[in-house]
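Trainee: I'm passing along query_28.cif; it holds mmCIF, C-alpha atoms (C1' of nucleotides) and all ligand atoms.
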data_entry
loop_
_atom_site.label_atom_id
_atom_site.label_comp_id
_atom_site.auth_asym_id
_atom_site.auth_seq_id
_atom_site.Cartn_x
_atom_site.Cartn_y
_atom_site.Cartn_z
CA MET A 1 5.03 -27.35 -29.68
CA PRO A 2 4.59 -23.73 -28.68
CA VAL A 3 2.98 -23.04 -25.37
CA HIS A 4 1.73 -19.72 -26.65
CA LYS A 5 -0.73 -20.16 -29.45
CA LYS A 6 -1.57 -16.57 -30.32
CA LYS A 7 0.43 -15.34 -33.22
CA LEU A 8 2.74 -12.42 -32.79
CA SER A 9 1.53 -8.87 -33.07
CA GLU A 10 -2.04 -9.86 -32.48
CA LYS A 11 -4.12 -6.86 -31.55
CA ILE A 12 -5.52 -7.30 -28.08
CA ASP A 13 -8.25 -5.39 -26.28
CA LEU A 14 -7.10 -4.11 -22.92
CA GLY A 15 -10.47 -2.81 -21.77
CA GLY A 16 -11.17 0.12 -19.49
CA GLY A 17 -10.26 2.83 -21.94
CA HIS A 18 -6.76 1.47 -22.30
CA ARG A 19 -5.07 1.63 -25.67
CA MET A 20 -2.87 -0.96 -27.24
CA THR A 21 0.03 1.32 -27.96
CA PRO A 22 3.19 0.40 -29.88
CA GLN A 23 5.09 0.14 -26.62
CA ARG A 24 2.54 -2.18 -25.04
CA GLN A 25 2.41 -4.25 -28.19
CA VAL A 26 6.16 -4.76 -28.25
CA VAL A 27 6.27 -5.68 -24.58
CA TYR A 28 3.42 -8.09 -25.15
CA ASP A 29 5.12 -9.61 -28.18
CA VAL A 30 8.33 -10.14 -26.27
CA LEU A 31 6.48 -12.04 -23.56
CA MET A 32 4.51 -14.09 -26.04
CA SER A 33 7.54 -15.07 -28.05
CA SER A 34 9.42 -16.66 -25.18
CA ARG A 35 8.70 -19.46 -22.82
CA ASP A 36 10.93 -18.16 -20.08
CA HIS A 37 10.03 -15.72 -17.35
CA PRO A 38 11.99 -12.52 -17.85
CA THR A 39 12.25 -9.76 -15.28
CA ALA A 40 11.24 -6.22 -16.16
CA THR A 41 14.86 -5.39 -16.92
CA GLU A 42 15.21 -8.43 -19.16
CA VAL A 43 12.03 -7.48 -20.98
CA PHE A 44 13.44 -3.99 -21.33
CA ILE A 45 16.61 -5.31 -22.94
CA ARG A 46 14.68 -7.48 -25.39
CA VAL A 47 12.23 -4.72 -26.21
CA GLN A 48 15.02 -2.26 -26.91
CA GLU A 49 16.08 -4.31 -29.90
CA LYS A 50 12.79 -3.54 -31.57
CA MET A 51 12.20 -0.12 -30.10
CA SER A 52 15.40 1.46 -28.91
CA SER A 53 13.74 4.61 -27.62
CA ILE A 54 11.57 2.92 -25.02
CA SER A 55 12.28 3.62 -21.36
CA LEU A 56 12.45 1.23 -18.44
CA ALA A 57 9.66 3.14 -16.72
CA THR A 58 7.45 2.49 -19.72
CA VAL A 59 8.28 -1.20 -19.62
CA TYR A 60 7.21 -1.24 -16.00
CA ASN A 61 4.06 0.65 -16.92
CA CYS A 62 3.27 -1.68 -19.80
CA LEU A 63 3.88 -4.83 -17.79
CA ASP A 64 1.59 -3.56 -15.08
CA THR A 65 -1.11 -2.58 -17.53
CA LEU A 66 -0.94 -5.93 -19.28
CA ALA A 67 -0.97 -7.80 -15.98
CA VAL A 68 -3.94 -5.85 -14.63
CA ALA A 69 -5.74 -6.43 -17.92
CA GLY A 70 -5.11 -10.11 -17.33
CA ILE A 71 -3.28 -10.87 -20.55
CA VAL A 72 0.05 -11.60 -18.92
CA LYS A 73 0.92 -12.93 -15.49
CA GLN A 74 3.23 -11.52 -12.88
CA VAL A 75 5.24 -14.25 -11.19
CA ASN A 76 6.97 -13.69 -7.89
CA VAL A 77 9.68 -15.90 -6.48
CA ASP A 78 10.66 -15.00 -2.96
CA ARG A 79 12.40 -11.63 -2.78
CA GLU A 80 13.64 -11.74 -6.33
CA PRO A 81 12.55 -9.24 -8.97
CA SER A 82 9.14 -9.94 -10.44
CA ARG A 83 9.03 -12.04 -13.55
CA TYR A 84 6.45 -12.04 -16.28
CA CYS A 85 4.75 -14.90 -18.06
CA GLY A 86 2.70 -14.97 -21.22
CA ASN A 87 1.25 -18.39 -20.54
CA LEU A 88 -2.34 -17.76 -19.49
CA ALA A 89 -3.24 -21.40 -18.96
CA PRO A 90 -3.45 -22.41 -15.31
CA HIS A 91 -0.06 -23.74 -14.35
CA ALA A 92 2.49 -23.87 -11.57
CA HIS A 93 6.11 -22.78 -11.48
CA PHE A 94 9.33 -24.57 -10.83
CA HIS A 95 12.23 -22.53 -9.58
CA CYS A 96 15.72 -23.90 -9.99
CA GLU A 97 17.95 -22.82 -7.12
CA THR A 98 21.05 -23.60 -9.13
CA CYS A 99 20.52 -21.71 -12.37
CA ALA A 100 17.73 -19.47 -11.04
CA THR A 101 15.43 -20.10 -13.96
CA VAL A 102 11.69 -20.27 -13.59
CA MET A 103 9.78 -22.74 -15.71
CA ASP A 104 6.17 -23.65 -16.15
CA ILE A 105 4.80 -26.87 -14.74
CA ASP A 106 1.56 -28.30 -16.02
CA LEU A 107 -1.21 -29.20 -13.66
CA LYS A 108 -2.49 -32.74 -13.54
CA ASP A 109 -5.94 -33.11 -15.02
CA GLY A 110 -8.70 -33.50 -12.49
CA VAL A 111 -6.60 -32.79 -9.43
CA GLU A 112 -7.40 -29.56 -7.65
CA PRO A 113 -4.29 -27.66 -6.52
CA SER A 114 -6.14 -26.93 -3.30
CA GLY A 115 -6.63 -30.62 -2.64
CA SER A 116 -3.72 -30.92 -0.28
CA VAL A 117 -4.73 -28.19 2.14
CA LYS A 118 -7.53 -27.69 4.64
CA LEU A 119 -9.11 -24.53 3.28
CA PRO A 120 -10.34 -22.25 6.06
CA ARG A 121 -14.11 -22.67 6.26
CA GLY A 122 -16.00 -19.56 5.36
CA ALA A 123 -13.15 -18.12 3.33
CA LYS A 124 -13.60 -16.95 -0.23
CA ILE A 125 -10.89 -18.57 -2.30
CA GLN A 126 -9.58 -16.52 -5.15
CA LYS A 127 -6.44 -18.28 -6.26
CA VAL A 128 -4.35 -21.27 -5.25
CA GLU A 129 -0.72 -21.20 -6.20
CA VAL A 130 1.69 -24.10 -6.23
CA ALA A 131 5.40 -23.40 -6.40
CA VAL A 132 8.12 -25.99 -6.55
CA ARG A 133 11.75 -25.29 -5.86
CA GLY A 134 14.76 -27.47 -6.31
CA GLN A 135 17.24 -28.30 -9.04
CA CYS A 136 16.08 -28.44 -12.65
CA PRO A 137 16.75 -31.53 -14.78
CA GLU A 138 19.56 -29.87 -16.70
CA CYS A 139 21.34 -28.74 -13.56
CA VAL A 140 20.94 -32.21 -12.07
CA ARG A 141 22.41 -33.75 -15.21
CA THR A 142 25.40 -31.45 -15.37
CA ASN A 143 25.81 -31.86 -11.63
CA LYS A 144 26.16 -28.18 -11.05
CA ARG A 145 26.74 -26.91 -7.55
CA LYS A 146 24.37 -24.57 -5.84
CA ASN A 147 24.41 -21.09 -7.22
CA ILE A 148 25.55 -18.93 -4.34
CA SER A 149 24.88 -15.65 -6.11
CA MET B 150 -4.48 -25.12 21.66
CA PRO B 151 -1.17 -23.46 20.95
CA VAL B 152 0.42 -24.15 17.63
CA HIS B 153 3.85 -23.63 19.12
CA LYS B 154 4.65 -26.25 21.66
CA LYS B 155 8.10 -25.21 22.80
CA LYS B 156 7.99 -23.12 25.92
CA LEU B 157 9.27 -19.59 25.85
CA SER B 158 12.92 -18.80 26.36
CA GLU B 159 13.95 -22.30 25.48
CA LYS B 160 17.64 -22.40 24.65
CA ILE B 161 18.12 -23.48 21.07
CA ASP B 162 21.25 -24.60 19.30
CA LEU B 163 21.86 -22.63 16.13
CA GLY B 164 24.78 -24.73 14.88
CA GLY B 165 27.72 -23.57 12.82
CA GLY B 166 29.45 -21.60 15.53
CA HIS B 167 26.44 -19.37 16.01
CA ARG B 168 25.57 -18.19 19.48
CA MET B 169 22.15 -17.82 20.95
CA THR B 170 22.51 -14.26 22.05
CA PRO B 171 20.00 -12.25 24.10
CA GLN B 172 18.91 -10.44 20.94
CA ARG B 173 18.35 -13.64 19.02
CA GLN B 174 16.53 -15.14 21.95
CA VAL B 175 14.13 -12.23 22.21
CA VAL B 176 13.44 -12.25 18.48
CA TYR B 177 12.88 -15.98 18.66
CA ASP B 178 10.56 -15.64 21.65
CA VAL B 179 8.49 -12.99 19.91
CA LEU B 180 7.96 -15.29 16.94
CA MET B 181 7.16 -18.26 19.11
CA SER B 182 4.64 -16.41 21.23
CA SER B 183 2.43 -15.37 18.34
CA ARG B 184 0.54 -17.23 15.69
CA ASP B 185 0.55 -14.38 13.23
CA HIS B 186 3.22 -13.60 10.65
CA PRO B 187 4.88 -10.32 11.58
CA THR B 188 7.18 -8.40 9.27
CA ALA B 189 10.68 -7.50 10.38
CA THR B 190 9.44 -4.08 11.44
CA GLU B 191 6.60 -5.59 13.43
CA VAL B 192 9.02 -7.97 15.11
CA PHE B 193 11.23 -4.98 15.84
CA ILE B 194 8.37 -3.13 17.54
CA ARG B 195 7.47 -6.14 19.67
CA VAL B 196 11.07 -6.86 20.56
CA GLN B 197 11.66 -3.28 21.64
CA GLU B 198 9.23 -3.74 24.52
CA LYS B 199 11.56 -6.29 26.03
CA MET B 200 14.85 -4.87 24.83
CA SER B 201 14.56 -1.22 23.97
CA SER B 202 18.17 -0.86 22.86
CA ILE B 203 17.97 -3.33 19.98
CA SER B 204 18.31 -2.00 16.45
CA LEU B 205 16.30 -2.80 13.37
CA ALA B 206 19.45 -4.00 11.63
CA THR B 207 19.98 -6.51 14.41
CA VAL B 208 16.40 -7.72 14.09
CA TYR B 209 17.04 -8.31 10.40
CA ASN B 210 20.29 -10.09 11.24
CA CYS B 211 18.62 -12.25 13.87
CA LEU B 212 15.70 -13.16 11.65
CA ASP B 213 18.08 -14.18 8.93
CA THR B 214 20.25 -16.20 11.28
CA LEU B 215 17.24 -17.98 12.75
CA ALA B 216 15.80 -18.66 9.30
CA VAL B 217 19.08 -20.01 7.95
CA ALA B 218 19.41 -22.17 11.03
CA GLY B 219 15.98 -23.50 10.18
CA ILE B 220 14.24 -22.66 13.44
CA VAL B 221 11.92 -20.06 11.97
CA LYS B 222 10.48 -19.68 8.51
CA GLN B 223 10.56 -16.73 6.18
CA VAL B 224 7.26 -16.29 4.38
CA ASN B 225 6.98 -14.22 1.24
CA VAL B 226 3.73 -12.97 -0.20
CA ASP B 227 4.10 -11.34 -3.57
CA ARG B 228 6.03 -8.09 -3.36
CA GLU B 229 5.11 -7.44 0.24
CA PRO B 230 7.69 -7.27 3.02
CA SER B 231 8.86 -10.65 4.24
CA ARG B 232 7.01 -12.17 7.14
CA TYR B 233 8.27 -14.61 9.70
CA CYS B 234 6.68 -17.70 11.11
CA GLY B 235 7.56 -19.79 14.13
CA ASN B 236 5.45 -22.75 13.08
CA LEU B 237 7.92 -25.35 11.90
CA ALA B 238 5.33 -27.98 11.03
CA PRO B 239 4.75 -28.33 7.29
CA HIS B 240 1.88 -26.06 6.42
CA ALA B 241 0.55 -23.71 3.77
CA HIS B 242 -0.43 -20.06 3.97
CA PHE B 243 -3.63 -18.21 3.35
CA HIS B 244 -3.36 -14.56 2.44
CA CYS B 245 -6.40 -12.36 2.91
CA GLU B 246 -6.53 -9.65 0.27
CA THR B 247 -8.92 -7.61 2.38
CA CYS B 248 -7.19 -7.39 5.74
CA ALA B 249 -3.75 -8.44 4.47
CA THR B 250 -3.21 -11.00 7.20
CA VAL B 251 -1.36 -14.22 6.60
CA MET B 252 -2.54 -17.33 8.39
CA ASP B 253 -1.42 -20.90 8.55
CA ILE B 254 -3.37 -23.62 6.79
CA ASP B 255 -2.93 -27.22 7.77
CA LEU B 256 -2.12 -29.83 5.19
CA LYS B 257 -4.45 -32.77 4.69
CA ASP B 258 -3.02 -36.01 5.96
CA GLY B 259 -1.75 -38.33 3.27
CA VAL B 260 -2.10 -35.89 0.40
CA GLU B 261 1.14 -34.71 -1.11
CA PRO B 262 1.17 -30.98 -1.90
CA SER B 263 2.92 -31.86 -5.14
CA GLY B 264 0.08 -34.16 -6.16
CA SER B 265 -1.58 -31.62 -8.41
CA VAL B 266 1.41 -30.82 -10.61
CA LYS B 267 3.45 -32.72 -13.16
CA LEU B 268 6.88 -32.54 -11.61
CA PRO B 269 9.61 -32.15 -14.21
CA ARG B 270 11.25 -35.53 -14.63
CA GLY B 271 14.83 -35.57 -13.54
CA ALA B 272 14.44 -32.60 -11.26
CA LYS B 273 15.49 -32.69 -7.64
CA ILE B 274 12.57 -31.42 -5.60
CA GLN B 275 13.47 -29.48 -2.51
CA LYS B 276 10.26 -27.85 -1.42
CA VAL B 277 6.68 -27.55 -2.60
CA GLU B 278 4.78 -24.52 -1.46
CA VAL B 279 1.04 -24.01 -1.58
CA ALA B 280 -0.34 -20.52 -1.16
CA VAL B 281 -3.99 -19.59 -1.11
CA ARG B 282 -5.27 -16.08 -1.52
CA GLY B 283 -8.75 -14.72 -1.10
CA GLN B 284 -10.88 -13.30 1.67
CA CYS B 285 -10.56 -14.69 5.17
CA PRO B 286 -13.63 -15.93 7.05
CA GLU B 287 -13.81 -12.86 9.26
CA CYS B 288 -13.63 -10.47 6.33
CA VAL B 289 -16.28 -12.48 4.52
CA ARG B 290 -18.53 -12.34 7.60
CA THR B 291 -18.17 -8.62 8.13
CA ASN B 292 -18.54 -8.12 4.40
CA LYS B 293 -15.58 -5.85 4.18
CA ARG B 294 -14.61 -4.32 0.87
CA LYS B 295 -11.31 -4.98 -0.76
CA ASN B 296 -8.42 -3.30 0.95
CA ILE B 297 -7.04 -0.93 -1.64
CA SER B 298 -3.99 0.02 0.40
"C1'" DA C 299 -10.36 20.94 -39.24
"C1'" DA C 300 -9.56 23.08 -34.84
"C1'" DT C 301 -9.99 22.59 -30.09
"C1'" DA C 302 -10.40 20.25 -25.85
"C1'" DT C 303 -9.88 16.20 -23.27
"C1'" DT C 304 -7.74 12.20 -21.92
"C1'" DA C 305 -4.17 8.70 -22.06
"C1'" DT C 306 0.60 7.66 -22.56
"C1'" DT C 307 5.48 8.17 -22.50
"C1'" DT C 308 9.66 9.52 -20.47
"C1'" DA C 309 13.52 11.02 -17.43
"C1'" DG C 310 14.61 11.53 -13.27
"C1'" DA C 311 13.45 11.87 -8.36
"C1'" DA C 312 11.65 9.44 -4.61
"C1'" DT C 313 10.47 5.40 -1.91
"C1'" DA C 314 10.84 1.16 0.85
"C1'" DG C 315 12.62 -2.99 2.20
"C1'" DT C 316 16.71 -4.86 2.87
"C1'" DT C 317 21.74 -5.39 2.90
"C1'" DC C 318 26.28 -3.67 3.62
"C1'" DT C 319 30.10 -1.25 6.07
"C1'" DT C 320 32.55 -0.18 9.90
"C1'" DG C 321 33.86 0.52 14.42
"C1'" DA C 322 32.58 -0.80 19.07
"C1'" DT C 323 31.38 -4.59 22.22
"C1'" DA C 324 31.22 -9.11 23.88
"C1'" DA C 325 32.01 -13.87 24.13
"C1'" DA C 326 35.02 -17.85 23.45
"C1'" DA C 327 39.52 -19.85 22.84
"C1'" DA C 328 44.28 -20.11 23.68
"C1'" DT D 329 45.36 -12.46 30.17
"C1'" DT D 330 45.78 -12.21 25.43
"C1'" DT D 331 44.02 -13.42 21.10
"C1'" DT D 332 40.55 -14.65 18.15
"C1'" DT D 333 36.03 -14.76 16.57
"C1'" DA D 334 31.27 -13.46 16.64
"C1'" DT D 335 27.87 -10.00 17.31
"C1'" DC D 336 25.77 -5.50 17.60
"C1'" DA D 337 24.42 -1.04 16.10
"C1'" DA D 338 24.12 3.27 13.32
"C1'" DG D 339 23.92 4.85 9.27
"C1'" DA D 340 25.12 4.57 4.39
"C1'" DA D 341 24.20 2.12 0.34
"C1'" DC D 342 21.61 -0.70 -2.70
"C1'" DT D 343 17.81 -2.16 -5.77
"C1'" DA D 344 13.44 -3.00 -7.47
"C1'" DT D 345 9.74 -0.36 -8.06
"C1'" DT D 346 6.73 3.68 -7.97
"C1'" DC D 347 5.91 8.46 -8.34
"C1'" DT D 348 6.17 13.27 -10.46
"C1'" DA D 349 5.77 16.31 -13.88
"C1'" DA D 350 6.31 17.85 -18.36
"C1'" DA D 351 6.05 16.56 -23.25
"C1'" DT D 352 3.63 13.95 -26.66
"C1'" DA D 353 0.04 11.47 -28.80
"C1'" DA D 354 -4.44 9.75 -29.46
"C1'" DT D 355 -9.29 10.48 -29.13
"C1'" DA D 356 -13.51 13.12 -28.62
"C1'" DT D 357 -16.06 17.35 -29.26
"C1'" DT D 358 -17.29 21.49 -31.44
MN MN A 401 4.56 -19.25 -16.11
MN MN A 402 3.17 -19.96 8.80
ZN ZN A 403 18.77 -25.18 -13.23
ZN ZN A 404 -9.25 -10.77 6.19
#
I'd like the structure from this file rewritten - as structure tokens, please.
Ligand SMILES: [Mn+2]
Ligand SMILES: [Mn+2]
Ligand SMILES: [Zn+2]
Ligand SMILES: [Zn+2]
Mentor:
Amino acid sequence: MPVHKKKLSEKIDLGGGHRMTPQRQVVYDVLMSSRDHPTATEVFIRVQEKMSSISLATVYNCLDTLAVAGIVKQVNVDREPSRYCGNLAPHAHFHCETCATVMDIDLKDGVEPSGSVKLPRGAKIQKVEVAVRGQCPECVRTNKRKNIS
Amino acid sequence: MPVHKKKLSEKIDLGGGHRMTPQRQVVYDVLMSSRDHPTATEVFIRVQEKMSSISLATVYNCLDTLAVAGIVKQVNVDREPSRYCGNLAPHAHFHCETCATVMDIDLKDGVEPSGSVKLPRGAKIQKVEVAVRGQCPECVRTNKRKNIS
DNA sequence: AATATTATTTAGAATAGTTCTTGATAAAAA
DNA sequence: TTTTTATCAAGAACTATTCTAAATAATATT
């Protein structure tokens, strides 16, 4: 049951005079073919296997272009390096403090994420983010101790 | 109607063999006497008015000590510099993309912030954060354009 | 096609927030 | 007092990210 339904190497329109270059395509494919949330450096490492000449700067450029185009998401967890997510469906993130992974959490149908807060009246709401932190099921099971990196 | 009820210069126990030093006290007082969410540098500037000899490194140290002790909160918004918050009551944050301020939002009584997400079964939940971004009421009123910093 | 324009890539330099190192200072304990 | 431990402060170091500038590639124009 893949979260990402688009098949690999699909040609995507970036809009705004932007081109879908080989580099951008490979970065995009890497994000679409994994359910995890790699950092720019991790994307770089995975991309290098398909395109060994690519540079880290280009990976940063591509990730930014794709994120601004709205076809991938940038996910920030505290002060840690940005992570990237190919799951465009509205969802929340769970961050395991033990193994440091970030995983998607589905939203409940019919329950607004903003339902628990008193939105400031007169404000224009653009996005509501829900982030959960704790210990993931696997780390709970294996009874790992807190990852003091 | 002050959000922070403790009076200024209250002596606080930090636990764990930590001392409430003059520097920590001043940093703490600065956070408690404002409802905004200053960055470390902003705290540094405010603290300097009371204690001109303090260093930025010490402000960072103090903020970290106070945060670890749990008497102030560190608030992170995307890739921006960390902000600090003296409001210990459970609350969410609103981030205005126009004027870049961060303000507290109260939680609705009796509505769990985790209510909108499908928590991973077997996970140990430590904290659920709700963050709202958009345009604050004042920026909506004055019809400001987006702050392209 | 040839030329001109624009976008992209790349390596390395630069930046910014934060952390680390180290020696001095101060407080607490013995 | 002496010893131990914690803290401070200045600057160096670190790291994720962005910027710079030159080379390359794609696209548009003639
Ligand atoms: Mn995700
Ligand atoms: Mn707050
Ligand atoms: Zn885990
Ligand atoms: Zn505003």
Trainee: Write out as a list in words every residue belonging to chain D that has an atom at most 10 Å from any atom of chain A, counting all atoms listed in the file.
Mentor: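 Residues passing the distance filter: DT343, DA344, DT345, DT346 and DA354 of chain D.
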Trainee: Please indicate the distance in Å from CA of His18 (chain A) to CA of Pro90 (chain A), rounded to one decimal place.
Mentor: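 Separation of CA of His18 (chain A) and CA of Pro90 (chain A): 25.1 Å.
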Trainee: Produce a table with one row for each residue of chain C that has an atom at most 10 Å from any atom of chain B, each row naming the nearest atom pair and its distance in Å at one decimal; use only C-alpha atoms (C1' of nucleotides); arrange rows by chain and rising residue number; format as CSV.
Mentor:
residue,atom,partner,partner_atom,distance
C:DA314,C1',B:Pro230,CA,9.3
C:DG315,C1',B:Pro230,CA,6.6
C:DT316,C1',B:Tyr209,CA,8.3
C:DT317,C1',B:Ala206,CA,9.1
C:DA325,C1',B:Arg168,CA,9.0
Trainee: Suppose we keep C-alpha atoms (C1' of nucleotides); can you now write the selection as a PDB file, keeping the file's coordinate frame?
Mentor:
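This went into result-v9.pdb:
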ATOM      1  C1'  DA C 314      10.840   1.160   0.850  1.00  0.00           C
ATOM      2  C1'  DG C 315      12.620  -2.990   2.200  1.00  0.00           C
ATOM      3  C1'  DT C 316      16.710  -4.860   2.870  1.00  0.00           C
ATOM      4  C1'  DT C 317      21.740  -5.390   2.900  1.00  0.00           C
ATOM      5  C1'  DA C 325      32.010 -13.870  24.130  1.00  0.00           C
TER       6       DA C 325
END
Trainee: Taking only C-alpha atoms (C1' of nucleotides) and all ligand atoms into account, list the residues no farther than 9 Å from ligand ZN 404 (chain A), as a list in words.
Mentor: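 Sorted by chain and then by number, the residues are Ala123 of chain A; His244, Cys245, Glu246, Thr247, Cys248, Ala249, Thr250, Val251, Gly283, Gln284, Cys285, Pro286, Glu287, Cys288, Val289 and Lys293 of chain B.
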Trainee: Any idea what's packed within 7 Å of Pro113 (chain A), counting only C-alpha atoms (C1' of nucleotides), ignoring anything in its chain fewer than 3 positions away? Could you give it as JSON, numbers by chain?
Mentor: {"A": [128, 130], "B": [265]}
Trainee: Could you check which of A:Asn143, A:Gly86, A:Val77, A:Gly16 is closest to chain B, using all atoms listed in the file?
Mentor: A:Val77
Trainee: So which residues fall inside 10 Å of (-7.4, 10.1, -19.8) if we count all atoms listed in the file? Mind giving them as a short mmCIF file (atom, residue, chain, number, x, y, z; two decimals) with C-alpha atoms (C1' of nucleotides), keeping the file's coordinate frame?
Mentor:
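This went into selection07.cif:
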data_model
loop_
_atom_site.label_atom_id
_atom_site.label_comp_id
_atom_site.auth_asym_id
_atom_site.auth_seq_id
_atom_site.Cartn_x
_atom_site.Cartn_y
_atom_site.Cartn_z
CA GLY A 17 -10.26 2.83 -21.94
CA HIS A 18 -6.76 1.47 -22.30
"C1'" DT C 303 -9.88 16.20 -23.27
"C1'" DT C 304 -7.74 12.20 -21.92
"C1'" DA C 305 -4.17 8.70 -22.06
"C1'" DT C 306 0.60 7.66 -22.56
"C1'" DT D 355 -9.29 10.48 -29.13
#
Trainee: Could you list, as a list in words, all the residues within 6 Å of ligand MN 402 (chain A), counting all atoms listed in the file?
Mentor: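 Final answer, ordered by chain and number: Cys234, Asn236 and Asp253 of chain B.
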Trainee: What's around Pro38 (chain A) at 8 Å? Count all atoms listed in the file, leave out sequence neighbours fewer than 4 positions away in its own chain, and write the answer as a VMD selection string.
Mentor: chain A and resid 31 42 to 43 83 to 85
Trainee: Please produce an output containing C-alpha atoms for each residue in the selection, written as a PDB file, in the coordinates of the input.
Mentor:
ATOM      1  CA  LEU A  31       6.480 -12.040 -23.560  1.00  0.00           C
ATOM      2  CA  GLU A  42      15.210  -8.430 -19.160  1.00  0.00           C
ATOM      3  CA  VAL A  43      12.030  -7.480 -20.980  1.00  0.00           C
ATOM      4  CA  ARG A  83       9.030 -12.040 -13.550  1.00  0.00           C
ATOM      5  CA  TYR A  84       6.450 -12.040 -16.280  1.00  0.00           C
ATOM      6  CA  CYS A  85       4.750 -14.900 -18.060  1.00  0.00           C
TER       7      CYS A  85
END
